[in-house]
>>> print(open('data.cif').read())   # mmCIF, C-alpha atoms; chains and numbers go by the auth columns
data_data
#
loop_
_atom_site.group_PDB
_atom_site.id
_atom_site.type_symbol
_atom_site.label_atom_id
_atom_site.label_comp_id
_atom_site.label_asym_id
_atom_site.label_seq_id
_atom_site.Cartn_x
_atom_site.Cartn_y
_atom_site.Cartn_z
_atom_site.B_iso_or_equiv
_atom_site.auth_seq_id
_atom_site.auth_asym_id
ATOM 1 C CA MET A 1 269.942 64.008 78.484 0.00 1 Q
ATOM 2 C CA ARG A 2 272.571 66.630 77.698 0.00 2 Q
ATOM 3 C CA CYS A 3 275.244 67.857 80.011 0.00 3 Q
ATOM 4 C CA LYS A 4 274.737 71.491 81.042 0.00 4 Q
ATOM 5 C CA ALA A 5 278.194 72.385 79.713 0.00 5 Q
ATOM 6 C CA ASP A 6 277.143 71.233 76.220 0.00 6 Q
ATOM 7 C CA LEU A 7 274.240 73.698 75.965 0.00 7 Q
ATOM 8 C CA PRO A 8 274.667 76.893 73.909 0.00 8 Q
ATOM 9 C CA ALA A 9 275.441 80.088 75.809 0.00 9 Q
ATOM 10 C CA LYS A 10 275.181 83.849 75.244 0.00 10 Q
ATOM 11 C CA THR A 11 276.344 86.936 77.121 0.00 11 Q
ATOM 12 C CA CYS A 12 273.802 89.416 78.438 0.00 12 Q
ATOM 13 C CA PRO A 13 274.480 92.926 77.040 0.00 13 Q
ATOM 14 C CA THR A 14 273.129 94.582 80.207 0.00 14 Q
ATOM 15 C CA CYS A 15 274.966 92.780 83.008 0.00 15 Q
ATOM 16 C CA GLY A 16 277.690 91.028 81.008 0.00 16 Q
ATOM 17 C CA ARG A 17 277.025 87.639 82.588 0.00 17 Q
ATOM 18 C CA PRO A 18 276.883 84.455 80.514 0.00 18 Q
ATOM 19 C CA PHE A 19 273.602 82.552 80.424 0.00 19 Q
ATOM 20 C CA ARG A 20 272.692 79.189 78.945 0.00 20 Q
ATOM 21 C CA TRP A 21 269.913 77.854 76.787 0.00 21 Q
ATOM 22 C CA ARG A 22 266.663 76.991 78.564 0.00 22 Q
ATOM 23 C CA ARG A 23 263.948 74.689 77.367 0.00 23 Q
ATOM 24 C CA LYS A 24 261.349 77.488 77.383 0.00 24 Q
ATOM 25 C CA TRP A 25 263.574 79.351 74.866 0.00 25 Q
ATOM 26 C CA ALA A 26 263.680 76.389 72.446 0.00 26 Q
ATOM 27 C CA ARG A 27 261.585 78.111 69.760 0.00 27 Q
ATOM 28 C CA CYS A 28 263.010 81.625 70.130 0.00 28 Q
ATOM 29 C CA TRP A 29 266.674 81.154 71.155 0.00 29 Q
ATOM 30 C CA ASP A 30 267.860 83.369 68.273 0.00 30 Q
ATOM 31 C CA GLU A 31 265.702 86.231 69.563 0.00 31 Q
ATOM 32 C CA VAL A 32 266.721 85.946 73.244 0.00 32 Q
ATOM 33 C CA ARG A 33 269.075 88.812 74.151 0.00 33 Q
ATOM 34 C CA PHE A 34 268.845 89.238 77.910 0.00 34 Q
ATOM 35 C CA CYS A 35 269.406 86.789 80.759 0.00 35 Q
ATOM 36 C CA SER A 36 266.406 87.941 82.776 0.00 36 Q
ATOM 37 C CA GLU A 37 263.359 90.156 82.811 0.00 37 Q
ATOM 38 C CA ARG A 38 265.200 92.554 85.110 0.00 38 Q
ATOM 39 C CA CYS A 39 268.035 93.043 82.587 0.00 39 Q
ATOM 40 C CA ARG A 40 265.516 93.561 79.784 0.00 40 Q
ATOM 41 C CA ARG A 41 263.703 96.273 81.784 0.00 41 Q
ATOM 42 C CA THR A 42 266.978 97.961 82.759 0.00 42 Q
ATOM 43 C CA ALA A 43 268.175 98.078 79.143 0.00 43 Q
ATOM 44 C CA ARG A 44 264.859 99.533 78.016 0.00 44 Q
ATOM 45 C CA ARG A 45 264.953 102.177 80.752 0.00 45 Q
ATOM 46 C CA LEU A 46 268.521 103.167 79.807 0.00 46 Q
ATOM 47 C CA SER A 47 267.686 103.455 76.106 0.00 47 Q
ATOM 48 C CA ARG A 48 264.715 105.705 76.895 0.00 48 Q
ATOM 49 C CA ALA A 49 266.896 107.927 79.107 0.00 49 Q
ATOM 50 C CA GLU A 50 269.480 108.282 76.304 0.00 50 Q
ATOM 51 C CA GLY A 51 266.738 109.280 73.892 0.00 51 Q
ATOM 52 C CA ARG A 52 265.633 112.164 76.117 0.00 52 Q
ATOM 53 C CA ALA A 53 269.125 113.574 76.692 0.00 53 Q
#
>>> encode(input="data.cif", output="structure tokens")
Amino acid sequence: MRCKADLPAKTCPTCGRPFRWRRKWARCWDEVRFCSERCRRTARRLSRAEGRA
């Protein structure tokens, strides 16, 4: 078993918080950009609002 500190980490572009690798992201870790579904929805909403302005 690995220590949690040894797992890879990324920073969420929406909230700026660091988040660590999770087992459910094992196959798609390179594609994971956001720490949560809420951050993903917020980023999408902001990009749509910028497109309209």
>>> resolve_selection(input="data.cif", expression="the PyMOL selection byres ((chain Q and resi 7-10) around 9)", output="list in words")
Arg2, Cys3, Lys4, Ala5, Asp6, Thr11, Cys12, Arg17, Pro18, Phe19, Arg20, Trp21, Arg22, Val32, Arg33, Phe34 and Cys35 of chain Q
>>> axis_aligned_box(input="data.cif", around="stretch 20-37 of chain Q", padding_each_side="3 Å", output="lines of an AutoDock Vina configuration file")
center_x = 267.0
center_y = 82.4
center_z = 75.5
size_x = 17.3
size_y = 21.5
size_z = 20.5
>>> atom_distance(input="data.cif", atom1="atom CA of Q:Thr14", atom2="atom CA of Q:Glu37")
11.0 Å
>>> closest_residue(input="data.cif", among="Q:Ser36, Q:Arg41, Q:Leu46, Q:Glu31", to="Q:Gly16", atoms="only C-alpha atoms")
Q:Ser36
>>> atom_distance(input="data.cif", atom1="atom CA of Q:Arg40", atom2="atom CA of Q:Trp25")
15.2 Å
>>> build_atoms(input="data.cif", residues="stretch 6-37 of chain Q", atoms="N, CA and C atoms", output="PDB file, in the frame of the given file")
ATOM      1  N   ASP Q   6     277.297  71.381  77.666  1.00  0.00           N
ATOM      2  CA  ASP Q   6     277.143  71.233  76.220  1.00  0.00           C
ATOM      3  C   ASP Q   6     276.095  72.162  75.628  1.00  0.00           C
ATOM      4  N   LEU Q   7     275.303  72.824  76.457  1.00  0.00           N
ATOM      5  CA  LEU Q   7     274.240  73.698  75.965  1.00  0.00           C
ATOM      6  C   LEU Q   7     274.823  75.010  75.440  1.00  0.00           C
ATOM      7  N   PRO Q   8     274.169  75.623  74.431  1.00  0.00           N
ATOM      8  CA  PRO Q   8     274.667  76.893  73.909  1.00  0.00           C
ATOM      9  C   PRO Q   8     274.557  78.005  74.954  1.00  0.00           C
ATOM     10  N   ALA Q   9     275.425  78.984  74.854  1.00  0.00           N
ATOM     11  CA  ALA Q   9     275.441  80.088  75.809  1.00  0.00           C
ATOM     12  C   ALA Q   9     275.542  81.421  75.079  1.00  0.00           C
ATOM     13  N   LYS Q  10     275.085  82.474  75.743  1.00  0.00           N
ATOM     14  CA  LYS Q  10     275.181  83.849  75.244  1.00  0.00           C
ATOM     15  C   LYS Q  10     275.610  84.733  76.401  1.00  0.00           C
ATOM     16  N   THR Q  11     275.989  85.964  76.096  1.00  0.00           N
ATOM     17  CA  THR Q  11     276.344  86.936  77.121  1.00  0.00           C
ATOM     18  C   THR Q  11     275.296  88.043  77.125  1.00  0.00           C
ATOM     19  N   CYS Q  12     274.818  88.376  78.289  1.00  0.00           N
ATOM     20  CA  CYS Q  12     273.802  89.416  78.438  1.00  0.00           C
ATOM     21  C   CYS Q  12     274.444  90.782  78.201  1.00  0.00           C
ATOM     22  N   PRO Q  13     273.886  91.613  77.303  1.00  0.00           N
ATOM     23  CA  PRO Q  13     274.480  92.926  77.040  1.00  0.00           C
ATOM     24  C   PRO Q  13     274.316  93.909  78.201  1.00  0.00           C
ATOM     25  N   THR Q  14     273.365  93.678  79.084  1.00  0.00           N
ATOM     26  CA  THR Q  14     273.129  94.582  80.207  1.00  0.00           C
ATOM     27  C   THR Q  14     274.089  94.333  81.360  1.00  0.00           C
ATOM     28  N   CYS Q  15     274.151  93.088  81.829  1.00  0.00           N
ATOM     29  CA  CYS Q  15     274.966  92.780  83.008  1.00  0.00           C
ATOM     30  C   CYS Q  15     276.302  92.128  82.660  1.00  0.00           C
ATOM     31  N   GLY Q  16     276.438  91.632  81.433  1.00  0.00           N
ATOM     32  CA  GLY Q  16     277.690  91.028  81.008  1.00  0.00           C
ATOM     33  C   GLY Q  16     277.896  89.591  81.465  1.00  0.00           C
ATOM     34  N   ARG Q  17     276.900  89.012  82.101  1.00  0.00           N
ATOM     35  CA  ARG Q  17     277.025  87.639  82.588  1.00  0.00           C
ATOM     36  C   ARG Q  17     276.632  86.640  81.500  1.00  0.00           C
ATOM     37  N   PRO Q  18     277.285  85.492  81.474  1.00  0.00           N
ATOM     38  CA  PRO Q  18     276.883  84.455  80.514  1.00  0.00           C
ATOM     39  C   PRO Q  18     275.617  83.748  81.012  1.00  0.00           C
ATOM     40  N   PHE Q  19     274.771  83.350  80.078  1.00  0.00           N
ATOM     41  CA  PHE Q  19     273.602  82.552  80.424  1.00  0.00           C
ATOM     42  C   PHE Q  19     273.424  81.464  79.389  1.00  0.00           C
ATOM     43  N   ARG Q  20     272.827  80.367  79.793  1.00  0.00           N
ATOM     44  CA  ARG Q  20     272.692  79.189  78.945  1.00  0.00           C
ATOM     45  C   ARG Q  20     271.273  79.007  78.450  1.00  0.00           C
ATOM     46  N   TRP Q  21     271.178  78.197  77.406  1.00  0.00           N
ATOM     47  CA  TRP Q  21     269.913  77.854  76.787  1.00  0.00           C
ATOM     48  C   TRP Q  21     268.972  77.236  77.816  1.00  0.00           C
ATOM     49  N   ARG Q  22     267.687  77.593  77.715  1.00  0.00           N
ATOM     50  CA  ARG Q  22     266.663  76.991  78.564  1.00  0.00           C
ATOM     51  C   ARG Q  22     265.590  76.381  77.675  1.00  0.00           C
ATOM     52  N   ARG Q  23     264.948  75.388  78.173  1.00  0.00           N
ATOM     53  CA  ARG Q  23     263.948  74.689  77.367  1.00  0.00           C
ATOM     54  C   ARG Q  23     262.823  75.629  76.915  1.00  0.00           C
ATOM     55  N   LYS Q  24     262.425  76.572  77.761  1.00  0.00           N
ATOM     56  CA  LYS Q  24     261.349  77.488  77.383  1.00  0.00           C
ATOM     57  C   LYS Q  24     261.763  78.421  76.240  1.00  0.00           C
ATOM     58  N   TRP Q  25     263.073  78.526  75.973  1.00  0.00           N
ATOM     59  CA  TRP Q  25     263.574  79.351  74.866  1.00  0.00           C
ATOM     60  C   TRP Q  25     263.837  78.528  73.614  1.00  0.00           C
ATOM     61  N   ALA Q  26     263.378  77.291  73.561  1.00  0.00           N
ATOM     62  CA  ALA Q  26     263.680  76.389  72.446  1.00  0.00           C
ATOM     63  C   ALA Q  26     263.257  76.974  71.103  1.00  0.00           C
ATOM     64  N   ARG Q  27     262.098  77.585  71.032  1.00  0.00           N
ATOM     65  CA  ARG Q  27     261.585  78.111  69.760  1.00  0.00           C
ATOM     66  C   ARG Q  27     262.139  79.491  69.412  1.00  0.00           C
ATOM     67  N   CYS Q  28     262.604  80.237  70.389  1.00  0.00           N
ATOM     68  CA  CYS Q  28     263.010  81.625  70.130  1.00  0.00           C
ATOM     69  C   CYS Q  28     264.429  81.939  70.605  1.00  0.00           C
ATOM     70  N   TRP Q  29     265.312  80.950  70.652  1.00  0.00           N
ATOM     71  CA  TRP Q  29     266.674  81.154  71.155  1.00  0.00           C
ATOM     72  C   TRP Q  29     267.419  82.235  70.379  1.00  0.00           C
ATOM     73  N   ASP Q  30     267.183  82.347  69.076  1.00  0.00           N
ATOM     74  CA  ASP Q  30     267.860  83.369  68.273  1.00  0.00           C
ATOM     75  C   ASP Q  30     267.425  84.778  68.653  1.00  0.00           C
ATOM     76  N   GLU Q  31     266.233  84.921  69.193  1.00  0.00           N
ATOM     77  CA  GLU Q  31     265.702  86.231  69.563  1.00  0.00           C
ATOM     78  C   GLU Q  31     266.025  86.631  71.001  1.00  0.00           C
ATOM     79  N   VAL Q  32     266.428  85.672  71.832  1.00  0.00           N
ATOM     80  CA  VAL Q  32     266.721  85.946  73.244  1.00  0.00           C
ATOM     81  C   VAL Q  32     268.001  86.774  73.332  1.00  0.00           C
ATOM     82  N   ARG Q  33     267.917  87.929  74.020  1.00  0.00           N
ATOM     83  CA  ARG Q  33     269.075  88.812  74.151  1.00  0.00           C
ATOM     84  C   ARG Q  33     269.508  89.005  75.600  1.00  0.00           C
ATOM     85  N   PHE Q  34     268.563  88.930  76.519  1.00  0.00           N
ATOM     86  CA  PHE Q  34     268.845  89.238  77.910  1.00  0.00           C
ATOM     87  C   PHE Q  34     268.681  88.004  78.784  1.00  0.00           C
ATOM     88  N   CYS Q  35     269.432  87.957  79.880  1.00  0.00           N
ATOM     89  CA  CYS Q  35     269.406  86.789  80.759  1.00  0.00           C
ATOM     90  C   CYS Q  35     268.166  86.754  81.636  1.00  0.00           C
ATOM     91  N   SER Q  36     267.561  87.902  81.879  1.00  0.00           N
ATOM     92  CA  SER Q  36     266.406  87.941  82.776  1.00  0.00           C
ATOM     93  C   SER Q  36     265.491  89.103  82.413  1.00  0.00           C
ATOM     94  N   GLU Q  37     264.333  89.074  82.997  1.00  0.00           N
ATOM     95  CA  GLU Q  37     263.359  90.156  82.811  1.00  0.00           C
ATOM     96  C   GLU Q  37     263.910  91.463  83.387  1.00  0.00           C
TER      97      GLU Q  37
END
